Structures are given as C-alpha cells and as structure tokens.
$ cat query-v4.tsv   # TSV, N, CA and C atoms
chain	number	residue	atom	x	y	z
A	1466	MET	N	-1.97	13.39	19.59
A	1466	MET	CA	-1.73	14.07	18.32
A	1466	MET	C	-1.29	13.04	17.28
A	1467	LYS	N	-1.88	13.09	16.12
A	1467	LYS	CA	-1.58	12.14	15.06
A	1467	LYS	C	-0.26	12.50	14.38
A	1468	SER	N	0.53	11.48	14.11
A	1468	SER	CA	1.79	11.68	13.41
A	1468	SER	C	1.50	12.10	11.97
A	1469	LYS	N	2.30	13.01	11.46
A	1469	LYS	CA	2.12	13.50	10.10
A	1469	LYS	C	3.06	12.78	9.13
A	1470	LYS	N	3.32	11.51	9.40
A	1470	LYS	CA	4.18	10.71	8.54
A	1470	LYS	C	3.49	9.40	8.20
A	1471	ILE	N	3.83	8.86	7.04
A	1471	ILE	CA	3.31	7.58	6.60
A	1471	ILE	C	4.25	6.50	7.11
A	1472	PRO	N	3.75	5.46	7.80
A	1472	PRO	CA	4.63	4.42	8.32
A	1472	PRO	C	5.22	3.54	7.21
A	1473	CYS	N	6.54	3.44	7.18
A	1473	CYS	CA	7.23	2.63	6.16
A	1473	CYS	C	6.93	1.14	6.33
A	1474	GLY	N	6.75	0.70	7.55
A	1474	GLY	CA	6.43	-0.69	7.80
A	1474	GLY	C	5.10	-1.09	7.16
A	1475	LYS	N	4.14	-0.19	7.20
A	1475	LYS	CA	2.84	-0.47	6.58
A	1475	LYS	C	2.95	-0.50	5.06
A	1476	LEU	N	3.86	0.30	4.51
A	1476	LEU	CA	4.09	0.28	3.07
A	1476	LEU	C	4.67	-1.07	2.65
A	1477	ARG	N	5.62	-1.58	3.42
A	1477	ARG	CA	6.19	-2.90	3.13
A	1477	ARG	C	5.15	-4.00	3.26
A	1478	LEU	N	4.33	-3.91	4.31
A	1478	LEU	CA	3.29	-4.91	4.52
A	1478	LEU	C	2.26	-4.89	3.38
A	1479	ALA	N	1.98	-3.72	2.85
A	1479	ALA	CA	1.07	-3.62	1.70
A	1479	ALA	C	1.67	-4.31	0.48
A	1480	PHE	N	2.98	-4.16	0.27
A	1480	PHE	CA	3.64	-4.85	-0.84
A	1480	PHE	C	3.58	-6.36	-0.67
A	1481	VAL	N	3.76	-6.83	0.56
A	1481	VAL	CA	3.67	-8.26	0.83
A	1481	VAL	C	2.26	-8.76	0.52
A	1482	CYS	N	1.26	-8.02	0.94
A	1482	CYS	CA	-0.13	-8.41	0.67
A	1482	CYS	C	-0.41	-8.47	-0.83
A	1483	VAL	N	0.11	-7.51	-1.58
A	1483	VAL	CA	-0.10	-7.50	-3.03
A	1483	VAL	C	0.61	-8.69	-3.68
A	1484	CYS	N	1.82	-9.00	-3.23
A	1484	CYS	CA	2.56	-10.14	-3.79
A	1484	CYS	C	1.87	-11.47	-3.48
A	1485	VAL	N	1.39	-11.62	-2.25
A	1485	VAL	CA	0.67	-12.84	-1.88
A	1485	VAL	C	-0.61	-12.96	-2.68
A	1486	PHE	N	-1.31	-11.84	-2.86
A	1486	PHE	CA	-2.55	-11.85	-3.64
A	1486	PHE	C	-2.26	-12.28	-5.08
A	1487	ALA	N	-1.24	-11.72	-5.69
A	1487	ALA	CA	-0.93	-12.04	-7.09
A	1487	ALA	C	-0.52	-13.50	-7.23
A	1488	ALA	N	0.32	-13.99	-6.32
A	1488	ALA	CA	0.76	-15.39	-6.39
A	1488	ALA	C	-0.42	-16.34	-6.17
A	1489	ALA	N	-1.25	-16.04	-5.17
A	1489	ALA	CA	-2.39	-16.91	-4.89
A	1489	ALA	C	-3.40	-16.89	-6.04
A	1490	LEU	N	-3.55	-15.75	-6.66
A	1490	LEU	CA	-4.47	-15.66	-7.78
A	1490	LEU	C	-3.97	-16.49	-8.97
A	1491	MET	N	-2.67	-16.41	-9.25
A	1491	MET	CA	-2.12	-17.20	-10.37
A	1491	MET	C	-2.17	-18.69	-10.06
A	1492	LEU	N	-1.83	-19.08	-8.83
A	1492	LEU	CA	-1.86	-20.49	-8.47
A	1492	LEU	C	-3.28	-21.00	-8.35
A	1493	GLY	N	-4.23	-20.10	-8.11
A	1493	GLY	CA	-5.63	-20.50	-7.97
A	1493	GLY	C	-6.22	-21.04	-9.25
A	1494	PHE	N	-5.64	-20.71	-10.37
A	1494	PHE	CA	-6.14	-21.25	-11.63
A	1494	PHE	C	-5.73	-22.72	-11.80
A	1495	TYR	N	-4.72	-23.15	-11.06
A	1495	TYR	CA	-4.30	-24.56	-11.11
A	1495	TYR	C	-4.93	-25.38	-9.99
A	1496	ARG	N	-4.97	-24.81	-8.82
A	1496	ARG	CA	-5.60	-25.46	-7.65
A	1496	ARG	C	-6.51	-24.44	-6.98
A	1497	TRP	N	-7.79	-24.70	-6.97
A	1497	TRP	CA	-8.76	-23.73	-6.48
A	1497	TRP	C	-8.57	-23.29	-5.03
A	1498	PRO	N	-8.01	-24.10	-4.10
A	1498	PRO	CA	-7.89	-23.59	-2.72
A	1498	PRO	C	-6.98	-22.36	-2.59
A	1499	PHE	N	-6.13	-22.13	-3.57
A	1499	PHE	CA	-5.28	-20.94	-3.50
A	1499	PHE	C	-6.10	-19.65	-3.63
A	1500	PHE	N	-7.27	-19.75	-4.24
A	1500	PHE	CA	-8.14	-18.58	-4.29
A	1500	PHE	C	-8.53	-18.12	-2.89
A	1501	LEU	N	-8.62	-19.08	-1.97
A	1501	LEU	CA	-8.98	-18.75	-0.59
A	1501	LEU	C	-7.88	-17.94	0.10
A	1502	ALA	N	-6.63	-18.14	-0.29
A	1502	ALA	CA	-5.53	-17.36	0.27
A	1502	ALA	C	-5.50	-15.96	-0.31
A	1503	ALA	N	-6.07	-15.78	-1.48
A	1503	ALA	CA	-6.08	-14.46	-2.12
A	1503	ALA	C	-7.05	-13.51	-1.42
A	1504	ILE	N	-8.09	-14.04	-0.84
A	1504	ILE	CA	-9.11	-13.20	-0.22
A	1504	ILE	C	-8.56	-12.43	0.98
A	1505	PRO	N	-7.93	-13.07	1.98
A	1505	PRO	CA	-7.40	-12.28	3.10
A	1505	PRO	C	-6.25	-11.34	2.69
A	1506	ALA	N	-5.48	-11.74	1.67
A	1506	ALA	CA	-4.40	-10.87	1.22
A	1506	ALA	C	-4.97	-9.58	0.62
A	1507	LEU	N	-6.01	-9.70	-0.17
A	1507	LEU	CA	-6.65	-8.52	-0.75
A	1507	LEU	C	-7.31	-7.67	0.33
A	1508	ALA	N	-7.98	-8.33	1.28
A	1508	ALA	CA	-8.61	-7.59	2.38
A	1508	ALA	C	-7.58	-6.87	3.23
A	1509	GLY	N	-6.44	-7.51	3.47
A	1509	GLY	CA	-5.37	-6.86	4.24
A	1509	GLY	C	-4.82	-5.65	3.53
A	1510	TYR	N	-4.61	-5.77	2.23
A	1510	TYR	CA	-4.11	-4.62	1.47
A	1510	TYR	C	-5.12	-3.47	1.50
A	1511	LEU	N	-6.38	-3.77	1.27
A	1511	LEU	CA	-7.40	-2.72	1.26
A	1511	LEU	C	-7.50	-2.02	2.60
A	1512	TYR	N	-7.38	-2.77	3.70
A	1512	TYR	CA	-7.41	-2.17	5.03
A	1512	TYR	C	-6.21	-1.25	5.25
A	1513	ILE	N	-5.02	-1.73	4.91
A	1513	ILE	CA	-3.81	-0.92	5.09
A	1513	ILE	C	-3.87	0.32	4.21
A	1514	ASP	N	-4.34	0.16	2.98
A	1514	ASP	CA	-4.43	1.30	2.07
A	1514	ASP	C	-5.40	2.35	2.60
A	1515	LYS	N	-6.55	1.93	3.05
A	1515	LYS	CA	-7.57	2.86	3.53
A	1515	LYS	C	-7.13	3.55	4.82
A	1516	ARG	N	-6.45	2.82	5.69
A	1516	ARG	CA	-6.12	3.34	7.01
A	1516	ARG	C	-4.79	4.11	7.07
A	1517	TYR	N	-3.76	3.63	6.39
A	1517	TYR	CA	-2.41	4.18	6.58
A	1517	TYR	C	-1.77	4.82	5.35
A	1518	LEU	N	-2.11	4.38	4.17
A	1518	LEU	CA	-1.38	4.82	2.98
A	1518	LEU	C	-2.08	5.97	2.26
A	1519	ARG	N	-2.41	6.98	2.99
A	1519	ARG	CA	-3.03	8.19	2.46
A	1519	ARG	C	-2.16	9.38	2.87
A	1520	CYS	N	-2.38	10.49	2.20
A	1520	CYS	CA	-1.68	11.71	2.60
A	1520	CYS	C	-2.12	12.05	4.03
A	1521	PRO	N	-1.17	12.22	4.95
A	1521	PRO	CA	-1.57	12.50	6.34
A	1521	PRO	C	-2.17	13.90	6.53
A	1522	HIS	N	-2.02	14.77	5.55
A	1522	HIS	CA	-2.52	16.13	5.69
A	1522	HIS	C	-3.94	16.29	5.14
A	1523	CYS	N	-4.19	15.74	3.94
A	1523	CYS	CA	-5.50	15.94	3.33
A	1523	CYS	C	-6.27	14.64	3.08
A	1524	GLY	N	-5.60	13.48	3.22
A	1524	GLY	CA	-6.29	12.21	3.05
A	1524	GLY	C	-6.41	11.74	1.62
A	1525	THR	N	-5.68	12.37	0.70
A	1525	THR	CA	-5.74	11.97	-0.70
A	1525	THR	C	-5.08	10.61	-0.89
A	1526	TRP	N	-5.73	9.76	-1.69
A	1526	TRP	CA	-5.20	8.43	-1.99
A	1526	TRP	C	-4.02	8.56	-2.94
A	1527	GLU	N	-2.99	7.77	-2.68
A	1527	GLU	CA	-1.83	7.72	-3.57
A	1527	GLU	C	-1.61	6.28	-4.01
A	1528	ASN	N	-1.15	6.13	-5.23
A	1528	ASN	CA	-0.83	4.85	-5.82
A	1528	ASN	C	0.31	4.18	-5.03
A	1529	LEU	N	0.27	2.86	-4.89
A	1529	LEU	CA	1.30	2.14	-4.15
A	1529	LEU	C	2.67	2.32	-4.78
A	1530	GLU	N	2.72	2.36	-6.10
A	1530	GLU	CA	3.98	2.57	-6.80
A	1530	GLU	C	4.54	3.97	-6.51
A	1531	ARG	N	3.69	4.96	-6.50
A	1531	ARG	CA	4.14	6.32	-6.19
A	1531	ARG	C	4.61	6.44	-4.75
A	1532	LEU	N	3.92	5.76	-3.84
A	1532	LEU	CA	4.35	5.79	-2.45
A	1532	LEU	C	5.71	5.12	-2.27
A	1533	HIS	N	5.93	4.05	-3.01
A	1533	HIS	CA	7.23	3.39	-2.96
A	1533	HIS	C	8.33	4.34	-3.45
A	1534	TYR	N	8.05	5.06	-4.51
A	1534	TYR	CA	9.00	6.06	-5.01
A	1534	TYR	C	9.19	7.18	-3.99
A	1535	ALA	N	8.11	7.61	-3.36
A	1535	ALA	CA	8.16	8.72	-2.41
A	1535	ALA	C	8.92	8.36	-1.15
A	1536	ALA	N	9.04	7.07	-0.84
A	1536	ALA	CA	9.78	6.67	0.36
A	1536	ALA	C	11.26	6.98	0.23
A	1537	ARG	N	11.78	7.03	-0.99
A	1537	ARG	CA	13.21	7.27	-1.21
A	1537	ARG	C	13.52	8.63	-1.84
A	1538	HIS	N	12.52	9.29	-2.41
A	1538	HIS	CA	12.73	10.55	-3.12
A	1538	HIS	C	11.73	11.58	-2.62
A	1539	PRO	N	12.04	12.85	-2.77
A	1539	PRO	CA	11.05	13.89	-2.42
A	1539	PRO	C	9.84	13.78	-3.34
A	1540	TYR	N	8.67	13.77	-2.76
A	1540	TYR	CA	7.43	13.65	-3.54
A	1540	TYR	C	6.35	14.45	-2.84
A	1541	HIS	N	5.60	15.21	-3.60
A	1541	HIS	CA	4.54	16.05	-3.05
A	1541	HIS	C	3.18	15.43	-3.34
A	1542	CYS	N	2.28	15.62	-2.42
A	1542	CYS	CA	0.91	15.11	-2.55
A	1542	CYS	C	0.23	15.79	-3.74
A	1543	ARG	N	-0.54	15.00	-4.48
A	1543	ARG	CA	-1.26	15.56	-5.62
A	1543	ARG	C	-2.46	16.38	-5.18
A	1544	GLY	N	-2.94	16.16	-3.95
A	1544	GLY	CA	-4.12	16.89	-3.47
A	1544	GLY	C	-3.79	18.23	-2.84
A	1545	CYS	N	-2.87	18.23	-1.88
A	1545	CYS	CA	-2.59	19.46	-1.15
A	1545	CYS	C	-1.23	20.07	-1.48
A	1546	GLY	N	-0.35	19.32	-2.14
A	1546	GLY	CA	0.95	19.84	-2.53
A	1546	GLY	C	2.02	19.78	-1.47
A	1547	ARG	N	1.71	19.20	-0.31
A	1547	ARG	CA	2.70	19.10	0.76
A	1547	ARG	C	3.61	17.91	0.52
A	1548	LEU	N	4.81	17.99	1.08
A	1548	LEU	CA	5.80	16.93	0.96
A	1548	LEU	C	5.36	15.72	1.79
A	1549	LEU	N	5.40	14.53	1.18
A	1549	LEU	CA	5.06	13.30	1.91
A	1549	LEU	C	6.30	12.83	2.66
A	1550	GLU	N	6.14	12.57	3.94
A	1550	GLU	CA	7.23	12.10	4.79
A	1550	GLU	C	6.90	10.72	5.31
A	1551	PHE	N	7.94	9.93	5.55
A	1551	PHE	CA	7.78	8.54	5.99
A	1551	PHE	C	8.54	8.29	7.28
A	1552	ASP	N	7.92	7.49	8.17
A	1552	ASP	CA	8.62	6.99	9.36
A	1552	ASP	C	9.54	5.88	8.92
A	1553	ARG	N	10.72	5.89	9.35
A	1553	ARG	CA	11.67	4.83	8.97
A	1553	ARG	C	11.86	3.89	10.12
$ encode --input "query-v4.tsv" --output "structure tokens"
Amino acid sequence: MKSKKIPCGKLRLAFVCVCVFAAALMLGFYRWPFFLAAIPALAGYLYIDKRYLRCPHCGTWENLERLHYAARHPYHCRGCGRLLEFDR
C-alpha cells in the first residue's frame, strides 16, 4: 500500500538540487565546466519532482515553494482539495 504522505527528506533533497543548479549555472558563466555540474542537479530535481513531490491523492503538481510552506502549515491540494501531509 502506498503511503499517502509526501516525504520531507525528498523535499529537502529537491532544495539542495535547486541550490546546486543555481550556483553551478552562475559559476558556469565564469568557468564553463560548472555547466556540467548543473546538468545532473537539474535532472535530479526533475526526477524527484516527478516521482515524489506531487499530491499523493490525485497527482497534481505543486510548486516547490508551496510545498515548503505546506511542510510547516496546513495546506490543501489545488486539484482535489485534500490536506497535504508530510513524513517527518
């Protein structure tokens, strides 16, 4: 049976991927090899987003910023209206 909660660890890992992507992209304009580090960071974020950071009830995509807010506050899915819950 699939858990009806969004894993908090995956949310943190998605933030790390976004931060690495942004830093590598900015540094890539000074030294081109940093662009190579941006590619796996973006791919990692897209994988985590597609696989784990969706509403567990209806599969609706949620913004990373909204999910971060929902981890600490009550927040309802925009698609089905159910409360989003997180594994801590």
$ atom_distance --input "query-v4.tsv" --atom1 "atom C of Ala1503 in chain A" --atom2 "atom C of Glu1530 in chain A"
21.6 Å
$ residues_around --input "query-v4.tsv" --residues "range 1470-1482 of chain A" --least-positions-apart "6" --cutoff "8 Å" --atoms "only C-alpha atoms" --output "compact mmCIF listing (two decimals) with N, CA and C atoms, in the coordinates of the input"
# COMPACT_ATOMS: atom_id res chain seq x y z
N ALA A 1506 -5.48 -11.74 1.67
CA ALA A 1506 -4.40 -10.87 1.22
C ALA A 1506 -4.97 -9.58 0.62
N LEU A 1507 -6.01 -9.70 -0.17
CA LEU A 1507 -6.65 -8.52 -0.75
C LEU A 1507 -7.31 -7.67 0.33
N GLY A 1509 -6.44 -7.51 3.47
CA GLY A 1509 -5.37 -6.86 4.24
C GLY A 1509 -4.82 -5.65 3.53
N TYR A 1510 -4.61 -5.77 2.23
CA TYR A 1510 -4.11 -4.62 1.47
C TYR A 1510 -5.12 -3.47 1.50
N ILE A 1513 -5.02 -1.73 4.91
CA ILE A 1513 -3.81 -0.92 5.09
C ILE A 1513 -3.87 0.32 4.21
N ASP A 1514 -4.34 0.16 2.98
CA ASP A 1514 -4.43 1.30 2.07
C ASP A 1514 -5.40 2.35 2.60
N TYR A 1517 -3.76 3.63 6.39
CA TYR A 1517 -2.41 4.18 6.58
C TYR A 1517 -1.77 4.82 5.35
N LEU A 1518 -2.11 4.38 4.17
CA LEU A 1518 -1.38 4.82 2.98
C LEU A 1518 -2.08 5.97 2.26
N ARG A 1519 -2.41 6.98 2.99
CA ARG A 1519 -3.03 8.19 2.46
C ARG A 1519 -2.16 9.38 2.87
N CYS A 1520 -2.38 10.49 2.20
CA CYS A 1520 -1.68 11.71 2.60
C CYS A 1520 -2.12 12.05 4.03
N PRO A 1521 -1.17 12.22 4.95
CA PRO A 1521 -1.57 12.50 6.34
C PRO A 1521 -2.17 13.90 6.53
N LEU A 1529 0.27 2.86 -4.89
CA LEU A 1529 1.30 2.14 -4.15
C LEU A 1529 2.67 2.32 -4.78
N LEU A 1532 3.92 5.76 -3.84
CA LEU A 1532 4.35 5.79 -2.45
C LEU A 1532 5.71 5.12 -2.27
N HIS A 1533 5.93 4.05 -3.01
CA HIS A 1533 7.23 3.39 -2.96
C HIS A 1533 8.33 4.34 -3.45
N ALA A 1536 9.04 7.07 -0.84
CA ALA A 1536 9.78 6.67 0.36
C ALA A 1536 11.26 6.98 0.23
N LEU A 1549 5.40 14.53 1.18
CA LEU A 1549 5.06 13.30 1.91
C LEU A 1549 6.30 12.83 2.66
N GLU A 1550 6.14 12.57 3.94
CA GLU A 1550 7.23 12.10 4.79
C GLU A 1550 6.90 10.72 5.31
N PHE A 1551 7.94 9.93 5.55
CA PHE A 1551 7.78 8.54 5.99
C PHE A 1551 8.54 8.29 7.28
N ASP A 1552 7.92 7.49 8.17
CA ASP A 1552 8.62 6.99 9.36
C ASP A 1552 9.54 5.88 8.92
N ARG A 1553 10.72 5.89 9.35
CA ARG A 1553 11.67 4.83 8.97
C ARG A 1553 11.86 3.89 10.12
$ closest_residue --input "query-v4.tsv" --among "A:Ala1489, A:Pro1539, A:Gly1544, A:Tyr1495" --to "Glu1527 in chain A" --atoms "only C-alpha atoms"
A:Gly1544
$ select_by_dssp --input "query-v4.tsv" --residues "chain A" --states "strand (DSSP E or B)" --output "JSON, numbers by chain"
{"A": [1471, 1472, 1519, 1526, 1541, 1548, 1551, 1552]}
$ closest_residue --input "query-v4.tsv" --among "A:Ala1535, A:Cys1484, A:Cys1545, A:Ala1508" --to "Cys1523 in chain A" --atoms "only N, CA and C atoms"
A:Cys1545
$ atom_distance --input "query-v4.tsv" --atom1 "CA of Thr1525 in chain A" --atom2 "CA of Cys1542 in chain A"
7.6 Å
$ axis_aligned_box --input "query-v4.tsv" --around "range 1503-1512 of chain A" --padding-each-side "8 Å" --output "AutoDock Vina command-line options"
--center_x -6.6 --center_y -8.5 --center_z 1.6 --size_x 21.0 --size_y 30.5 --size_z 23.4
$ atom_distance --input "query-v4.tsv" --atom1 "CA of Tyr1534 in chain A" --atom2 "CA of Leu1548 in chain A"
12.8 Å
$ select_by_dssp --input "query-v4.tsv" --residues "chain A" --states "helix (DSSP H, G or I)" --output "count of residues only"
48
$ decode --input "query-v4.tsv" --residues "range 1474-1486 of chain A" --atoms "N, CA, C and O atoms" --output "short mmCIF file (atom, residue, chain, number, x, y, z; two decimals), in the first residue's frame"
data_model
loop_
_atom_site.label_atom_id
_atom_site.label_comp_id
_atom_site.auth_asym_id
_atom_site.auth_seq_id
_atom_site.Cartn_x
_atom_site.Cartn_y
_atom_site.Cartn_z
N GLY A 1474 12.23 14.32 3.45
CA GLY A 1474 13.61 14.18 3.01
C GLY A 1474 13.76 14.46 1.52
O GLY A 1474 14.75 15.06 1.09
N LYS A 1475 12.79 14.05 0.74
CA LYS A 1475 12.83 14.32 -0.70
C LYS A 1475 12.63 15.80 -0.99
O LYS A 1475 13.19 16.34 -1.93
N LEU A 1476 11.84 16.47 -0.15
CA LEU A 1476 11.65 17.91 -0.30
C LEU A 1476 12.97 18.64 -0.05
O LEU A 1476 13.34 19.53 -0.80
N ARG A 1477 13.69 18.23 0.98
CA ARG A 1477 14.99 18.85 1.28
C ARG A 1477 15.99 18.57 0.16
O ARG A 1477 16.78 19.45 -0.23
N LEU A 1478 15.99 17.34 -0.34
CA LEU A 1478 16.90 16.98 -1.43
C LEU A 1478 16.59 17.77 -2.69
O LEU A 1478 17.51 18.17 -3.42
N ALA A 1479 15.33 18.05 -2.94
CA ALA A 1479 14.96 18.88 -4.09
C ALA A 1479 15.50 20.30 -3.93
O ALA A 1479 15.98 20.90 -4.89
N PHE A 1480 15.44 20.84 -2.71
CA PHE A 1480 16.01 22.17 -2.46
C PHE A 1480 17.51 22.18 -2.68
O PHE A 1480 18.06 23.13 -3.25
N VAL A 1481 18.19 21.12 -2.27
CA VAL A 1481 19.63 21.03 -2.48
C VAL A 1481 19.93 21.00 -3.98
O VAL A 1481 20.85 21.68 -4.44
N CYS A 1482 19.17 20.23 -4.72
CA CYS A 1482 19.37 20.15 -6.18
C CYS A 1482 19.16 21.51 -6.84
O CYS A 1482 19.93 21.91 -7.71
N VAL A 1483 18.14 22.24 -6.40
CA VAL A 1483 17.88 23.57 -6.98
C VAL A 1483 19.01 24.53 -6.63
O VAL A 1483 19.46 25.32 -7.48
N CYS A 1484 19.52 24.48 -5.39
CA CYS A 1484 20.62 25.37 -5.00
C CYS A 1484 21.90 25.05 -5.76
O CYS A 1484 22.60 25.97 -6.21
N VAL A 1485 22.20 23.77 -5.92
CA VAL A 1485 23.39 23.37 -6.68
C VAL A 1485 23.25 23.80 -8.14
O VAL A 1485 24.19 24.30 -8.75
N PHE A 1486 22.05 23.62 -8.70
CA PHE A 1486 21.81 24.03 -10.08
C PHE A 1486 22.02 25.54 -10.24
O PHE A 1486 22.69 25.98 -11.17
#
